[in-house]
Amino acid sequence: MATNVMLQQAAGTLQLLSSCGIHFRVGNNSVRFPPKDLRAKRGSNCFGEKEFSVIQASALFPSNEESLKKSNEAALILIRHGESLWNEKNLFTGCVDVPLTHKGAGEAIEAGKRISNIPVDVIFTSVLIRAQMTAMLAMTQHRHKKVPIFIHDENEQARLWSQIHSEDAIKQSIPVITAWKLNERMYGELQGLNKQETAYRFGKEKVHDWRRSYDIPPPNGESLEMCARRAVAYFKDEIEPQLLSGKNVMIAAHGNSLRSIIMYLDKLTTQEVISLELSTGIPMLYIFKEGKFTRRGSPIAPTEAGVYAYTTRLAQYRQKLDEMLH
Ligand SMILES: O=C(O)[C@@H](CO)OP(=O)(O)O
């Protein structure tokens with residue numbers, strides 16, 4: 001039966017099936033997008049009222065979790081977004097959705113070059129455009145040329161209308177999952193204020209405490225501790241299971257959500273994390289193996305041989321890319 005006729009006949013049941021995260025058929029093939037391990041769940045966003053969706057990776061948690069923990073290894077890339085227009089103007093940005101500058105776009109492209117031989121199976125970004133631009137610009141440099149595709153599961157129609165009906169196209173794509181929990185810390189009443197002027201107005205020390213203490217929030221905003229609570233919870237619930245199942249992950253996020261995640265990965269104390277500064281647009285590589293994270297620093301260039309010696313899977317991937325492209 002022709003695929004389109006079959007799909008028309010199936011239209012009545014399609015909505016129900018896809019809402020349950022159940023696959024449907026194209027020709028003789030069974031197709032699902034988002035993939036099984038990336039099903040949606042709902043909640044409320046950081047602004048309180050609007051509904052949002054995050055991806056329930058924990059549905060994937062296999063029963064033989066312990067053995068997977070031992071056998072699987074995966075790469076984890078963290079990238080703070082490139083310079084934004086408000087970084088350039090030295091304004092507190094927080095959850096204000098500001099795009100990259102020309103320089104920031106260049107930083108993202110450079111970051112992409114540095115990781116262009118490292119496998120990426122799933123991308124997580126915040127809901128803010130500067131992180132999303134960074135991830136997408138970086139991926140333009142990836143040698144595999146898979147297509148990053150944003151998952152839209154904010155409602156049933158979005159889910160249905162963004163279905164992909166080709167197994168091949170799905171195979172050649174990388175799901176991009178957006179989550180407000182990866183957003184920059186919410187800077188409250190400082191958002192939009194100039195950092196220098198704020199220091200003059202309220203005193204250098206107070207502003208330093210707002211910016212770099214662990215548990216002192218800026219007026220009506222989030223402390224690093226509050227930001228860490230939601231960012232690390234998201235990492236543990238949604239990202240770690242992906243790594244555990246052997247998926248290579250890229251996270252494009254923000255100074256403070258990434259400092260929070262690094263605090264968790266590197267087991268930093270609250271004292272250590274407050275002095276951690278992340279540059280814009282620099283990719284950082286971790287290897288997840290036997291349930292542990294090992295920081296491998298920032299690859300300097302795609303040709304840096306040492307990077308591919310970290311795990312056999314990385315070396316094999318690199319070799320496969322070379323064979324494929326030569
Ligand atoms: O303004 C912000 O949102 C952040 C990051 O740019 O500033 P800070 O350096 O104080 O963490």
# chains A, B, ... in the order shown; residues from 1 in each chain; ligands from 1

call {"tool": "select_by_dssp", "arguments": {"residues": "stretch 96-200 of chain A", "states": "strand (DSSP E)", "output": "PDB file with N, CA and C atoms, in the first residue's frame"}}
result
ATOM      1  N   VAL A 122      22.982  13.880  20.724  1.00  0.00           N
ATOM      2  CA  VAL A 122      21.834  14.661  21.203  1.00  0.00           C
ATOM      3  C   VAL A 122      22.362  15.982  21.770  1.00  0.00           C
ATOM      4  N   ILE A 123      21.601  17.056  21.493  1.00  0.00           N
ATOM      5  CA  ILE A 123      22.020  18.388  21.940  1.00  0.00           C
ATOM      6  C   ILE A 123      20.987  18.923  22.929  1.00  0.00           C
ATOM      7  N   PHE A 124      21.456  19.446  24.031  1.00  0.00           N
ATOM      8  CA  PHE A 124      20.580  20.123  24.991  1.00  0.00           C
ATOM      9  C   PHE A 124      20.962  21.595  25.009  1.00  0.00           C
ATOM     10  N   THR A 125      19.970  22.469  24.946  1.00  0.00           N
ATOM     11  CA  THR A 125      20.263  23.899  25.097  1.00  0.00           C
ATOM     12  C   THR A 125      19.223  24.496  26.032  1.00  0.00           C
ATOM     13  N   VAL A 147      21.855  16.583  10.713  1.00  0.00           N
ATOM     14  CA  VAL A 147      21.025  17.787  10.797  1.00  0.00           C
ATOM     15  C   VAL A 147      20.440  17.939  12.212  1.00  0.00           C
ATOM     16  N   PRO A 148      20.813  19.010  12.916  1.00  0.00           N
ATOM     17  CA  PRO A 148      20.204  19.204  14.244  1.00  0.00           C
ATOM     18  C   PRO A 148      18.738  19.606  14.065  1.00  0.00           C
ATOM     19  N   ILE A 149      17.847  18.936  14.774  1.00  0.00           N
ATOM     20  CA  ILE A 149      16.413  19.232  14.636  1.00  0.00           C
ATOM     21  C   ILE A 149      15.806  19.480  16.016  1.00  0.00           C
ATOM     22  N   PHE A 150      15.210  20.663  16.157  1.00  0.00           N
ATOM     23  CA  PHE A 150      14.598  21.012  17.452  1.00  0.00           C
ATOM     24  C   PHE A 150      13.341  20.185  17.663  1.00  0.00           C
ATOM     25  N   SER A 173      19.750  12.784  11.628  1.00  0.00           N
ATOM     26  CA  SER A 173      19.445  13.993  12.404  1.00  0.00           C
ATOM     27  C   SER A 173      19.927  13.858  13.845  1.00  0.00           C
ATOM     28  N   ILE A 174      20.038  15.000  14.495  1.00  0.00           N
ATOM     29  CA  ILE A 174      20.419  15.039  15.915  1.00  0.00           C
ATOM     30  C   ILE A 174      19.297  15.784  16.648  1.00  0.00           C
ATOM     31  N   PRO A 175      18.612  15.139  17.592  1.00  0.00           N
ATOM     32  CA  PRO A 175      17.564  15.859  18.320  1.00  0.00           C
ATOM     33  C   PRO A 175      18.141  16.989  19.178  1.00  0.00           C
ATOM     34  N   VAL A 176      17.478  18.130  19.136  1.00  0.00           N
ATOM     35  CA  VAL A 176      17.882  19.271  19.964  1.00  0.00           C
ATOM     36  C   VAL A 176      16.770  19.511  20.988  1.00  0.00           C
ATOM     37  N   ILE A 177      17.129  19.409  22.248  1.00  0.00           N
ATOM     38  CA  ILE A 177      16.130  19.505  23.307  1.00  0.00           C
ATOM     39  C   ILE A 177      16.358  20.788  24.080  1.00  0.00           C
ATOM     40  N   THR A 178      15.312  21.594  24.189  1.00  0.00           N
ATOM     41  CA  THR A 178      15.465  22.868  24.889  1.00  0.00           C
ATOM     42  C   THR A 178      14.831  22.765  26.282  1.00  0.00           C
TER      43      THR A 178
END

call {"tool": "atom_distance", "arguments": {"atom1": "atom CA of A:Asp168", "atom2": "atom CA of A:His326"}}
result
22.2 Å

call {"tool": "residues_near_ligand", "arguments": {"ligand": "ligand 1", "cutoff": "10 Å", "atoms": "only C-alpha atoms and all ligand atoms", "output": "ChimeraX atom specification"}}
result
/A:80-81,83-84,86-88,90-96,183-187,190-195,207-212,218,224,254-257,259,277-280

call {"tool": "residues_around", "arguments": {"residues": "A:Ile274", "least_positions_apart": "3", "cutoff": "8 Å", "atoms": "only C-alpha atoms", "output": "compact mmCIF listing (two decimals) with N, CA and C atoms, in the first residue's frame"}}
result
# COMPACT_ATOMS: atom_id res chain seq x y z
N ARG A 212 28.96 36.81 42.61
CA ARG A 212 29.88 35.69 42.79
C ARG A 212 29.81 34.96 44.13
N SER A 213 28.79 35.28 44.95
CA SER A 213 28.67 34.44 46.16
C SER A 213 27.85 33.22 45.77
N TYR A 214 27.82 32.24 46.63
CA TYR A 214 27.08 31.02 46.27
C TYR A 214 25.60 31.15 46.61
N THR A 270 31.57 24.78 47.32
CA THR A 270 30.93 26.07 47.03
C THR A 270 32.00 27.17 46.91
N GLN A 271 33.09 27.01 47.66
CA GLN A 271 34.19 27.97 47.57
C GLN A 271 34.85 27.91 46.20

call {"tool": "residues_around", "arguments": {"residues": "A:Ser260", "least_positions_apart": "5", "cutoff": "7 Å", "atoms": "only C-alpha atoms", "output": "list in words"}}
result
Ala228, Ala231 and Val232 of chain A

call {"tool": "write_last_selection", "arguments": {"atoms": "C-alpha atoms", "output": "PDB file, in the first residue's frame"}}
result
ATOM      1  CA  ALA A 228      22.365  25.011  40.570  1.00  0.00           C
ATOM      2  CA  ALA A 231      20.225  22.974  36.471  1.00  0.00           C
ATOM      3  CA  VAL A 232      21.813  20.010  38.262  1.00  0.00           C
TER       4      VAL A 232
END

call {"tool": "residues_around", "arguments": {"residues": "A:Lys289", "least_positions_apart": "5", "cutoff": "7 Å", "atoms": "only C-alpha atoms", "output": "ChimeraX atom specification"}}
result
/A:72-74

call {"tool": "closest_residue", "arguments": {"among": "A:Lys204, A:Gly281, A:Lys89, A:Gly297", "to": "A:Ala252", "atoms": "only C-alpha atoms"}}
result
A:Gly281
